[in-house]
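Enquirer: Take this structure, written in structure tokens, and hold onto it; I'll ask about it next.
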Amino acid sequence: MSFASDVKNELARTEPEKACCQLAEISGFFRVAGTATFFGGGRFGIIATTASPAIARHYKRLIKAYFGDSINMEIRVQETELFGRDRRYRLTVDHEGSGEEILRETGLLMVKKGQNYLTDGIYEGLIKTKCCKRSYLRGMFLGAGTVTDPKKSFHFEIACETEKLAKDLQRLVNSFVDLSCNISKRRNKYIVYIKKSAYVRDALALIGAHTSVLDFVDIVITKEAKVEAVRKTNCDTANVERTLDASEEQIEVINLLKKRGEYESMSPKLREIAELRLAYPEASLTQLGEMLDPPLKKSGVNNRIKRIFELARN
């Protein structure tokens with residue numbers, strides 16, 4: 001099972017306690033996954049589809065909890081041949097012969113100049129409080145959202161049918177402190193997306209996927225530890241290479257002094273460090289200093305090496 005499926009299954013077990021939050025989540029789901037339908041005889045309803053049976057059952061419970069048992073709901077399985085077998089769960093909602101009450105309460109149907117019309121964005125009356133904003137966002141994610149496995153990359157998105165809805169969603173997301181999203185167009189849809197790992201983590205926490213957030217954080221920590229280990233390894237390798245290059249040059253200079261017969265005339269301190277360098281070509285200056293008696297700091301060893309180089313140049 002994918003990380004996105006785990007997140008959605010967790011959210012499908014989340015039940016808002018407040019009636020206002022229940023309505024906000026239902027509205028967010030219907031906005032991206034539902035279609036207002038005219039059944040004839042003055043009857044309106046909503047048909048919503050999802051690929052997850054857990055999500056279908058979740059909204060069946062949630063809609064009955066808010067609108068009551070008089071709601072008529074039916075879940076059917078649709079199968080298409082697109083990309084192989086694609087199973088979709090169809091949730092049909094009707095209310096005592098008329099779905100207008102549901103459409104109006106969820107902000108999908110409004111009246112202007114005495115005429116009904118279907119809205120195209122997010123109804124502000126449903127997201128006045130922070131808890132309702134979170135619930136609305138959760139509904140939209142369950143209806144048309146996905147999140148990438150953090151082992152691969154960091155990406156959270158919700159697909160919108162219109163640019164207006166995408167901009168309304170962007171304002172909703174950006175209304176939360178330290179959270180930001182962008183919009184891009186993909187084929188005929190507008191994608192509201194988040195890519196920064198900290199923002200993806202906060203977005204998951206915001207909609208209530210707390211267990212998934214813990215898994216997300218564990219993966220991020222592991223990835224960062226691996227990156228840091230590689231960086232340190234590369235750094236250590238570079239340091240070793242620099243040490244060996246410098247050691248080779250120092251050994252060449254010492255051998256040159258020996259060839260010229262000047263090695264024995266060096267002071268005992270310089271000969272001592274020169275002999276250690278010849279005996280331990282892979283040692284760093286710090287390690288050479290620790291071998292001396294009394295020990296010498298790296299700067300002191302470096303000064304002695306410089307004096308040996310000066311002798312060779314003279």
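Here's how to read the names in the structure tokens: chain A, B, ... by the order shown, residue numbers from 1 in each chain, ligand numbers from 1 in the order shown.
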Please identify all polymer residues within 12 Å of Glu224 in chain A, counting only C-alpha atoms, omitting same-chain residues fewer than 6 positions from it, and present them as a PDB file with N, CA and C atoms, in the first residue's frame.
Expert:
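And here's out_35.pdb as it stands now:
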ATOM      1  N   PRO A 150       7.631  10.044   1.135  1.00  0.00           N
ATOM      2  CA  PRO A 150       8.794  10.884   1.465  1.00  0.00           C
ATOM      3  C   PRO A 150      10.132  10.195   1.226  1.00  0.00           C
ATOM      4  N   LYS A 151      10.140   8.869   1.063  1.00  0.00           N
ATOM      5  CA  LYS A 151      11.388   8.180   0.730  1.00  0.00           C
ATOM      6  C   LYS A 151      11.875   8.588  -0.658  1.00  0.00           C
ATOM      7  N   SER A 197       9.657  20.028   2.515  1.00  0.00           N
ATOM      8  CA  SER A 197       9.372  18.921   3.438  1.00  0.00           C
ATOM      9  C   SER A 197       8.658  19.394   4.702  1.00  0.00           C
ATOM     10  N   VAL A 217       8.220  12.025   9.570  1.00  0.00           N
ATOM     11  CA  VAL A 217       9.362  12.594  10.284  1.00  0.00           C
ATOM     12  C   VAL A 217      10.487  11.571  10.413  1.00  0.00           C
ATOM     13  N   ASP A 218      10.138  10.311  10.714  1.00  0.00           N
ATOM     14  CA  ASP A 218      11.151   9.260  10.824  1.00  0.00           C
ATOM     15  C   ASP A 218      11.914   9.100   9.510  1.00  0.00           C
ATOM     16  N   VAL A 230      27.165  10.784   4.258  1.00  0.00           N
ATOM     17  CA  VAL A 230      27.868  10.864   2.972  1.00  0.00           C
ATOM     18  C   VAL A 230      28.728  12.120   2.911  1.00  0.00           C
ATOM     19  N   ARG A 231      28.168  13.241   3.415  1.00  0.00           N
ATOM     20  CA  ARG A 231      28.930  14.495   3.400  1.00  0.00           C
ATOM     21  C   ARG A 231      30.197  14.371   4.237  1.00  0.00           C
TER      22      ARG A 231
END
Enquirer: Might you pull out every residue within 12 Å of Ala246 in chain A, with only C-alpha atoms counted and same-chain residues fewer than 3 positions away left off, and present them as an MDAnalysis selection string?
Expert: chainID A and resid 239:243 249:253 277 281:285 302 305:306
Enquirer: Can I get the selected residues back with N, CA, C and O atoms, as a compact mmCIF listing (two decimals), in the first residue's frame?
Expert:
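Wrote it out as result.txt, contents follow:
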# COMPACT_ATOMS: atom_id res chain seq x y z
N ASN A 239 40.04 15.27 3.15
CA ASN A 239 41.09 15.61 4.11
C ASN A 239 42.26 14.63 4.04
O ASN A 239 43.43 15.02 4.12
N VAL A 240 41.92 13.33 3.91
CA VAL A 240 42.97 12.32 3.81
C VAL A 240 43.81 12.54 2.56
O VAL A 240 45.05 12.45 2.59
N GLU A 241 43.13 12.86 1.46
CA GLU A 241 43.86 13.09 0.21
C GLU A 241 44.79 14.30 0.33
O GLU A 241 45.93 14.26 -0.14
N ARG A 242 44.30 15.36 0.98
CA ARG A 242 45.15 16.54 1.17
C ARG A 242 46.34 16.21 2.07
O ARG A 242 47.47 16.67 1.83
N THR A 243 46.09 15.42 3.12
CA THR A 243 47.18 15.03 4.03
C THR A 243 48.25 14.23 3.31
O THR A 243 49.46 14.47 3.49
N GLU A 249 54.95 15.62 -0.48
CA GLU A 249 55.82 16.77 -0.75
C GLU A 249 56.87 16.95 0.36
O GLU A 249 58.05 17.23 0.09
N GLN A 250 56.45 16.75 1.61
CA GLN A 250 57.39 16.88 2.73
C GLN A 250 58.47 15.81 2.68
O GLN A 250 59.65 16.10 2.94
N ILE A 251 58.07 14.58 2.33
CA ILE A 251 59.05 13.49 2.23
C ILE A 251 60.07 13.77 1.12
O ILE A 251 61.27 13.50 1.26
N GLU A 252 59.60 14.32 0.00
CA GLU A 252 60.51 14.66 -1.10
C GLU A 252 61.55 15.68 -0.65
O GLU A 252 62.74 15.59 -0.98
N VAL A 253 61.09 16.68 0.12
CA VAL A 253 62.01 17.72 0.60
C VAL A 253 63.03 17.13 1.57
O VAL A 253 64.24 17.43 1.50
N ARG A 277 57.98 11.99 10.16
CA ARG A 277 57.29 12.09 8.87
C ARG A 277 57.69 10.92 7.96
O ARG A 277 56.82 10.33 7.30
N PRO A 281 54.10 8.31 7.01
CA PRO A 281 53.71 9.20 5.91
C PRO A 281 52.22 9.53 5.87
O PRO A 281 51.83 10.55 5.31
N GLU A 282 51.38 8.68 6.45
CA GLU A 282 49.93 8.92 6.39
C GLU A 282 49.41 9.73 7.58
O GLU A 282 48.23 10.09 7.62
N ALA A 283 50.28 10.01 8.56
CA ALA A 283 49.84 10.74 9.76
C ALA A 283 49.63 12.22 9.46
O ALA A 283 50.34 12.82 8.65
N SER A 284 48.65 12.80 10.15
CA SER A 284 48.42 14.25 10.02
C SER A 284 49.41 14.99 10.90
O SER A 284 50.12 14.40 11.73
N LEU A 285 49.46 16.32 10.76
CA LEU A 285 50.36 17.12 11.58
C LEU A 285 50.00 17.01 13.06
O LEU A 285 50.88 16.98 13.92
N ASN A 302 53.74 22.43 12.29
CA ASN A 302 53.72 23.13 11.00
C ASN A 302 54.89 24.10 10.88
O ASN A 302 55.51 24.23 9.81
N ILE A 305 57.99 22.12 10.04
CA ILE A 305 57.96 21.70 8.63
C ILE A 305 58.35 22.87 7.73
O ILE A 305 59.11 22.71 6.76
N LYS A 306 57.83 24.06 8.04
CA LYS A 306 58.16 25.24 7.24
C LYS A 306 59.66 25.52 7.27
O LYS A 306 60.26 25.88 6.26
Enquirer: Taking into account only C-alpha atoms, which residue in the set A:Lys226, A:Arg61, A:Lys258, A:Lys152 is nearest to Glu275 in chain A?
Expert: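 Checking each candidate against Glu275 in chain A, we get A:Lys258 as the closest.
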Enquirer: Would you mind writing down, as an NGL selection string, each residue of range 88-280 of chain A that DSSP on the backbone assigns to strand (DSSP E or B)?
Expert: :A and (88-95 or 109-112 or 115-118 or 145-147 or 156-160 or 182-186 or 189-194)
Enquirer: From the set A:Gln115, A:Thr211, A:Asn174, A:Ser2, which residue has the shortest atom-to-atom contact distance to Asp149 in chain A, counting only C-alpha atoms?
Expert: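 Of the candidates, the smallest distance to Asp149 in chain A is held by A:Ser2.
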Enquirer: Tell me, which residues of range 42-238 of chain A carry DSSP helix (DSSP H, G or I), written as number ranges by chain?
Expert: A: 53-67, 100-105, 124-126, 130-144, 163-174, 197-206, 210-238
Enquirer: Measuring atom to atom with only C-alpha atoms, identify which of A:Met110, A:Val213, A:Leu165, A:Leu142 is nearest to Tyr199 in chain A.
Expert: A:Val213
Enquirer: For the atom pair CA of Phe176 in chain A and CA of Asp202 in chain A, what is the interatomic distance in Å to one decimal place?
Expert: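 Going from CA of Phe176 in chain A over to CA of Asp202 in chain A, I get 9.9 Å.
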Enquirer: Near range 122-133 of chain A, within 10 Å and counting only C-alpha atoms, which residues show up once chain neighbours fewer than 3 positions away are dropped, as a PDB file with C-alpha atoms, in the first residue's frame?
Expert:
ATOM      1  CA  PRO A  16     -15.156  15.645  13.353  1.00  0.00           C
ATOM      2  CA  LYS A  18     -18.468  19.702  15.863  1.00  0.00           C
ATOM      3  CA  ALA A  19     -21.388  19.995  13.452  1.00  0.00           C
ATOM      4  CA  CYS A  20     -19.738  22.961  11.717  1.00  0.00           C
ATOM      5  CA  CYS A  21     -16.612  20.886  11.053  1.00  0.00           C
ATOM      6  CA  GLN A  22     -18.701  17.977   9.769  1.00  0.00           C
ATOM      7  CA  LEU A  23     -20.384  20.271   7.262  1.00  0.00           C
ATOM      8  CA  ALA A  24     -17.064  21.859   6.245  1.00  0.00           C
ATOM      9  CA  GLU A  25     -15.478  18.466   5.542  1.00  0.00           C
ATOM     10  CA  SER A  27     -18.484  20.420   1.548  1.00  0.00           C
ATOM     11  CA  GLY A  28     -14.744  20.151   0.814  1.00  0.00           C
ATOM     12  CA  ARG A  31     -16.500  20.374  -4.017  1.00  0.00           C
ATOM     13  CA  GLU A 105     -25.741  24.018   3.102  1.00  0.00           C
ATOM     14  CA  THR A 106     -22.531  22.803   1.482  1.00  0.00           C
ATOM     15  CA  GLY A 107     -22.252  26.028  -0.516  1.00  0.00           C
ATOM     16  CA  LEU A 108     -22.574  24.296  -3.893  1.00  0.00           C
ATOM     17  CA  LEU A 109     -25.894  25.960  -4.781  1.00  0.00           C
ATOM     18  CA  MET A 110     -26.691  29.660  -4.384  1.00  0.00           C
ATOM     19  CA  THR A 119     -20.923  27.997  -7.315  1.00  0.00           C
ATOM     20  CA  TYR A 136     -12.589  21.639   4.701  1.00  0.00           C
ATOM     21  CA  LEU A 137      -8.992  21.048   3.641  1.00  0.00           C
ATOM     22  CA  ARG A 138      -9.210  17.430   4.830  1.00  0.00           C
ATOM     23  CA  GLY A 139     -12.333  16.905   2.738  1.00  0.00           C
ATOM     24  CA  LYS A 164     -11.005  30.068  -9.188  1.00  0.00           C
ATOM     25  CA  LEU A 165     -11.259  27.044  -6.917  1.00  0.00           C
ATOM     26  CA  ALA A 166      -7.475  26.624  -7.000  1.00  0.00           C
ATOM     27  CA  LYS A 167      -6.935  30.250  -5.987  1.00  0.00           C
ATOM     28  CA  ASP A 168      -9.525  29.964  -3.191  1.00  0.00           C
ATOM     29  CA  LEU A 169      -7.739  26.836  -1.939  1.00  0.00           C
ATOM     30  CA  LEU A 172      -7.121  28.851   2.493  1.00  0.00           C
ATOM     31  CA  VAL A 173      -3.771  27.056   2.798  1.00  0.00           C
ATOM     32  CA  SER A 175      -4.049  31.527   5.831  1.00  0.00           C
ATOM     33  CA  PHE A 176      -2.234  29.145   8.180  1.00  0.00           C
ATOM     34  CA  LEU A 206      -3.130  20.154   9.846  1.00  0.00           C
ATOM     35  CA  ILE A 207      -5.647  17.763   8.266  1.00  0.00           C
TER      36      ILE A 207
END
Enquirer: I'd like the neighbourhood of Gln170 in chain A as a PyMOL selection string, where a residue qualifies if any of its atoms comes within 12 Å (using only C-alpha atoms), though same-chain residues fewer than 5 positions away should be ignored.
Expert: chain A and resi 121-122+137+157-160+163-165+175-176+179-184+190-194
Enquirer: Just give me the gap between CA of Leu244 in chain A and CA of Tyr280 in chain A in Å, one decimal is fine.
Expert: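 CA of Leu244 in chain A sits 10.6 Å away from CA of Tyr280 in chain A.
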Enquirer: Just the residues within 9 Å of Ala4 in chain A, please, counting only C-alpha atoms, with nothing from its chain fewer than 5 positions along; format it as a PyMOL selection string.
Expert: chain A and resi 9+145-149
Enquirer: Using only C-alpha atoms, can you tell me which of A:Asn234, A:Thr162, A:Ser135, A:Val301 comes closest to Ala209 in chain A?
Expert: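 Ranking A:Asn234, A:Thr162, A:Ser135, A:Val301 by distance to Ala209 in chain A, first place goes to A:Ser135.
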Enquirer: Determine the nearest neighbour of Thr286 in chain A from the options A:Lys298, A:Lys60, A:Lys269, A:Arg88, counting only C-alpha atoms.
Expert: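 Smallest distance to Thr286 in chain A is found for A:Lys298.
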Enquirer: What does the distance between CA of Asn255 in chain A and CA of Ala238 in chain A come to in Å, to one decimal place?
Expert: 25.9 Å
Enquirer: Hey, which of A:Ser52, A:Ser247, A:Thr37, A:Ser299 ends up closest to Asp94 in chain A? Count only C-alpha atoms.
Expert: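 Among the listed residues, A:Thr37 lies closest to Asp94 in chain A.
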